[in-house]
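Down below is the structure, laid out as structure tokens.
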Amino acid sequence: MTELPPTPLLDQVTWPADLRALDPGQLRQLADELRQEVIAAVGVTGGHLGSGLGVVELTAAIHYVFDTPDDKLVWDVGHQCYPHKILTGRRDRIRTLRQGGGLSGFTKRAESDYDPFGAAHSSTSISAALGFAIANKLTGRPGKAIAVIGDGAMSAGMAYEAMNNARDAGNRLIVILNDNDMSIAPPVGGLSAYLARLVSSREFLGLRDVLKRLARKLPGPLHKAARKTDEFARGMAMGGTLFEELGFYYVGPIDGHNLDQLIPVLENVRDAAEGPCLVHVVTQKGKGYAPAEAAADKYHGVQKFDVITGAQAKAPPGPPSYTSVFGKALIAEAESDPAICAITAAMPSGTGLESFAQRFPERSFDVGIAEQHAVTFAAGLAAQGMRPFCAIYSTFLQRAYDQVVHDVAIQNLPVRFAIDRAGLVGADGSTHAGSFDITYLATLPNMVVMAAADEAELVHMVHTCAVHDSGPIAVRYPRGNGTGVPLPEQPQRLEIGKGRVVREGRQVAILSLGTRLEEAIKAAEALEARGLSTTVADLRFAKPLDEALIRRLLTTHEVAVTIEEGAIGGLGAHVLTLASDLGLTDAGLKIRTMRLPDLFQDQDKPEKQYADARLDAAGIVDTVLTALRHNSAGMDAGALA
């Protein structure tokens with residue numbers, strides 16, 4: 001085990017109040033120790049490393065200058081909040097990050113008063129901080145609201161919507177733009193740091209206010225010229241004209257790793273009489289850890305790793321991931337079809353489209369963190385005869401639901417949705433779980449919704465999407481590796497709305513959608529051992545349903561069970577509705593629906609999450625036996641887990 005470096009100053013800091021008791025000259029050492037603690041902790045747990053290392057000094061400076069938690073600190077996305085958690089009473093649990101029963105990898109209201117707003121999706125911080133600031137203004141409370149937002153999150157329109165409405169917050173709102181990737185700022189040097197400190201000072205703010213009042217008394221043309229001169233001078237020096245137009249007083253850029261620059265600027269904007277203020281801070285992802293600084297993605301998300309070498313723990317060799325299977329299948333389709341193009345919203349690696357972009361750069365589009373735009377852009381491409389694949393995580397596609405409805409489904413445009421991270425996702429927890437896409441897509445007219453049971457099925461479904469031109473179509477698949485089945489040399493075009501029977505029986509029917517099929521087959525074997533002949537069907541489609549197959553199974557078996565990796569309102573609800581419409585429930589049919597529980601499940605290992613949700617073989621067996629009123633229900637089903 002690697003010996004932990006000594007942290008004598010950090011050992012004295014449990015809460016921000018302890019931090020504020022330090023001398024300013026001690027903050028450099030504290031930041032160094034905090035960085036080492038983050039590296040050591042993430043080496044044990046895995047998680048988001050580079051982004052947290054980039055904000056170590058900024059985190060310390062904010063808590064040093066502002067009166068948190070009375071001043072509300074809102075982190076955008078929240079994946080850079082590990083240093084924040086260490087400084088806010090959670091250091092003793094930091095090595096439980098992203099583990100079952102441990103700390104969340106994101107900010108979470110239920111976890112600490114220092115997390116006033118939970119966030120794991122991007123671009124929400126300014127809106128939330130504005131809400132805190134206006135609430136304080138309306139109730140006469142003194143607190144400030146500070147939003148820390150990365151430059152990548154500024155590609156989402158929501159950030160600008162919030163900024164456009166922020167003027168009413170006045171000096172209660174401070175936005176810190178953490179510029180660590182897009183290089184939107186000029187090089188940071190002594191002059192720009194001096195200017196930032198100068199223009200954030202009370203003296204400068206006061207002088208500027210006086211000059212503004214004087215300029216208003218000038219004749220119209222001179223007033224306009226004076227205003228333009230002020231804007232031009234500030235824009236030339238600091239690039240702040242855009243933010244000024246949105247109603248912010250812009251300060252920056254400043255070096256986000258230089259505490260001698262950060263502290264006085266933050267103190268100035270804290271005490272400013274006018275606002276809202278935007279402080280432009282330039283940082284480096286992975287700062288202070290050589291392997292992260294050298295990595296192309298700055299160690300954005302990592303497995304457990306060796307702190308000395310930076311070598312990440314490798315997963316044991318096994319089947320390919322669903323994500324990589326999708327990426328390769330799409331390339332194969334695009335080789336023979338020049339109309340196929342791919343769209344991702346800032347997730348080229350996470351959605352498997354990196355290799356597609358290398359092979360077909362002119363047909364690959366990363367639109368940034370802008371899912372709404374991605375979907376409507378895809379709709380426009382489809383309307384002009386292209387065959388767009390819109391590859392977005394299930395949980396992120398939620399943010400573009402109106403576009404799916406209004407721009408795609410109503411117009412019946414053949415946009416292909418590749419929905420990654422369907423179902424439960426383990427360490428990322430409830431904010432990233434793909435729990436709702438079956439429900440929110442299968443309720444839409446014109447939509448076709450498929451779920452792959454294994455990686456071979458995914459290859460067939462990608463091909464089916466590619467040749468489906470009569471309307472929108474979606475395929476969902478989980479995070480992680482496939483089951484190890486051989487991949488087909490030639491993909492098949494699946495008949496829309498037709499499932500398959502993978503095991504024939506007489507008494508019990510298990511109707512599976514997606515990758516619970518493996519557990520359904522295990523359950524069938526256990527039920528057979530009890531003398532219960534069991535059919536297992538892979539429905540393939542949540543919409544349209546295979547009505548003929550479902551009618552046959554429901555009318556020829558004593559009990560039928562549906563199972564899916566989705567929330568209430570999905571496959572089970574559609575099968576129940578079909579059974580009701582056809583009158584199949586009138587004759588005492590025993591039907592049960594198995595789905596995710598009606599709650600947000602916290603992070604844990606995926607197999608544990610599914611066991612807790614009872615969506616494993618043991619849960620299926622127990623559900624069947626309970627429906628049949630067997631006395632043995634629940635007694636030994638746990639042996640299957």
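Identifiers for the structure tokens are assigned positionally: chains receive A, B, ... in sequence, residues are indexed from 1 per chain, and ligands are indexed from 1 in the order shown.
DSSP annotation of region 414-446 of chain A from backbone atoms: helix (DSSP H, G or I) residues are Gly426, Ala427, Asp428, Gly429, Ser430, Thr431, Asp437, Ile438, Thr439, Tyr440, Leu441 and Ala442 of chain A.
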Restricting it to N, CA and C atoms, dump the selection as a PDB file, in the first residue's frame.
ATOM      1  N   GLY A 426     -24.407   2.016 -11.994  1.00  0.00           N
ATOM      2  CA  GLY A 426     -23.391   1.782 -10.983  1.00  0.00           C
ATOM      3  C   GLY A 426     -22.953   3.021 -10.248  1.00  0.00           C
ATOM      4  N   ALA A 427     -21.642   3.330 -10.328  1.00  0.00           N
ATOM      5  CA  ALA A 427     -21.033   4.345  -9.469  1.00  0.00           C
ATOM      6  C   ALA A 427     -21.555   5.748  -9.713  1.00  0.00           C
ATOM      7  N   ASP A 428     -22.074   6.048 -10.898  1.00  0.00           N
ATOM      8  CA  ASP A 428     -22.577   7.398 -11.165  1.00  0.00           C
ATOM      9  C   ASP A 428     -23.945   7.649 -10.536  1.00  0.00           C
ATOM     10  N   GLY A 429     -24.640   6.592 -10.123  1.00  0.00           N
ATOM     11  CA  GLY A 429     -25.859   6.768  -9.341  1.00  0.00           C
ATOM     12  C   GLY A 429     -27.062   7.257 -10.116  1.00  0.00           C
ATOM     13  N   SER A 430     -28.006   7.847  -9.391  1.00  0.00           N
ATOM     14  CA  SER A 430     -29.326   8.158  -9.944  1.00  0.00           C
ATOM     15  C   SER A 430     -29.298   9.234 -11.012  1.00  0.00           C
ATOM     16  N   THR A 431     -28.352  10.158 -10.939  1.00  0.00           N
ATOM     17  CA  THR A 431     -28.348  11.262 -11.903  1.00  0.00           C
ATOM     18  C   THR A 431     -27.994  10.802 -13.308  1.00  0.00           C
ATOM     19  N   ASP A 437     -36.186   6.247 -20.354  1.00  0.00           N
ATOM     20  CA  ASP A 437     -36.318   6.425 -21.801  1.00  0.00           C
ATOM     21  C   ASP A 437     -37.384   5.534 -22.419  1.00  0.00           C
ATOM     22  N   ILE A 438     -37.573   4.306 -21.902  1.00  0.00           N
ATOM     23  CA  ILE A 438     -38.641   3.466 -22.463  1.00  0.00           C
ATOM     24  C   ILE A 438     -39.978   4.170 -22.294  1.00  0.00           C
ATOM     25  N   THR A 439     -40.200   4.696 -21.105  1.00  0.00           N
ATOM     26  CA  THR A 439     -41.471   5.355 -20.811  1.00  0.00           C
ATOM     27  C   THR A 439     -41.649   6.621 -21.638  1.00  0.00           C
ATOM     28  N   TYR A 440     -40.621   7.466 -21.691  1.00  0.00           N
ATOM     29  CA  TYR A 440     -40.821   8.749 -22.366  1.00  0.00           C
ATOM     30  C   TYR A 440     -40.771   8.649 -23.882  1.00  0.00           C
ATOM     31  N   LEU A 441     -40.217   7.560 -24.423  1.00  0.00           N
ATOM     32  CA  LEU A 441     -40.219   7.395 -25.875  1.00  0.00           C
ATOM     33  C   LEU A 441     -41.380   6.537 -26.364  1.00  0.00           C
ATOM     34  N   ALA A 442     -41.679   5.449 -25.653  1.00  0.00           N
ATOM     35  CA  ALA A 442     -42.702   4.518 -26.133  1.00  0.00           C
ATOM     36  C   ALA A 442     -44.105   5.100 -26.048  1.00  0.00           C
TER      37      ALA A 442
END
I'd like the neighbourhood of Asp168 (chain A) as a CSV table (one decimal) with C-alpha atoms, in the first residue's frame, where a residue qualifies if any of its atoms comes within 9 Å (using only C-alpha atoms), though same-chain residues fewer than 2 positions away should be ignored.
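Result file result.csv:
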chain,number,residue,atom,x,y,z
A,130,LEU,CA,-29.8,33.1,-9.5
A,134,ILE,CA,-33.2,36.4,-5.8
A,165,ASN,CA,-32.1,37.1,-16.6
A,166,ALA,CA,-29.5,37.7,-13.9
A,170,GLY,CA,-27.5,42.6,-8.5
A,276,PRO,CA,-23.9,40.7,-11.0
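Near Leu545 (chain A), within 6 Å and counting only C-alpha atoms, sit Gly497, Phe541 and Ala542 of chain A, not including residues fewer than 3 positions from it in the same chain.
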Go ahead and save the picked residues with N, CA, C and O atoms, as a short mmCIF file (atom, residue, chain, number, x, y, z; two decimals), in the first residue's frame.
data_model
loop_
_atom_site.label_atom_id
_atom_site.label_comp_id
_atom_site.auth_asym_id
_atom_site.auth_seq_id
_atom_site.Cartn_x
_atom_site.Cartn_y
_atom_site.Cartn_z
N GLY A 497 -41.38 -4.57 -34.69
CA GLY A 497 -42.45 -5.03 -33.82
C GLY A 497 -42.56 -6.53 -33.68
O GLY A 497 -43.59 -7.02 -33.25
N PHE A 541 -38.83 -5.25 -28.97
CA PHE A 541 -39.49 -3.96 -29.19
C PHE A 541 -40.41 -3.62 -28.02
O PHE A 541 -41.25 -4.42 -27.63
N ALA A 542 -40.21 -2.42 -27.47
CA ALA A 542 -41.19 -1.89 -26.52
C ALA A 542 -42.32 -1.20 -27.28
O ALA A 542 -43.43 -1.06 -26.76
#
Checklist line | Polymer residues at most 9 Å from Thr45 (chain A), only C-alpha atoms, same-chain spacing of 4 or more positions, as a PyMOL selection string | finding: chain A and resi 41+94-99+303-305
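Put simply, CA of Trp15 (chain A) is 5.6 Å away from CA of Leu87 (chain A).
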Notebook entry, point to check: Quick one: residues within 10 Å of region 546-553 of chain A, only C-alpha atoms counted, chain neighbours fewer than 2 positions away excluded, as a ChimeraX atom specification?
Noted result: /A:496-501,505-511,535-537,539-544,555-560,575,578-579,582,584
Checklist line | Pick from A:Val44, A:Pro361, A:Ser104, A:Asp18 nearest to Asp67 (chain A), counting only C-alpha atoms | finding: A:Asp18
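You can rank A:Asn481, A:Ala31, A:Asp76, A:Met347 by their closest distance to Gly318 (chain A) using only C-alpha atoms, and at the top of that list sits A:Asn481.
When only C-alpha atoms are used to compute distances to Val475 (chain A), the closest of the residues A:Glu267, A:Glu37, A:Asp420, A:Glu519 turns out to be A:Asp420.
Taking CA of Gly482 (chain A) and CA of Pro319 (chain A) as endpoints, the distance between them is 5.5 Å.
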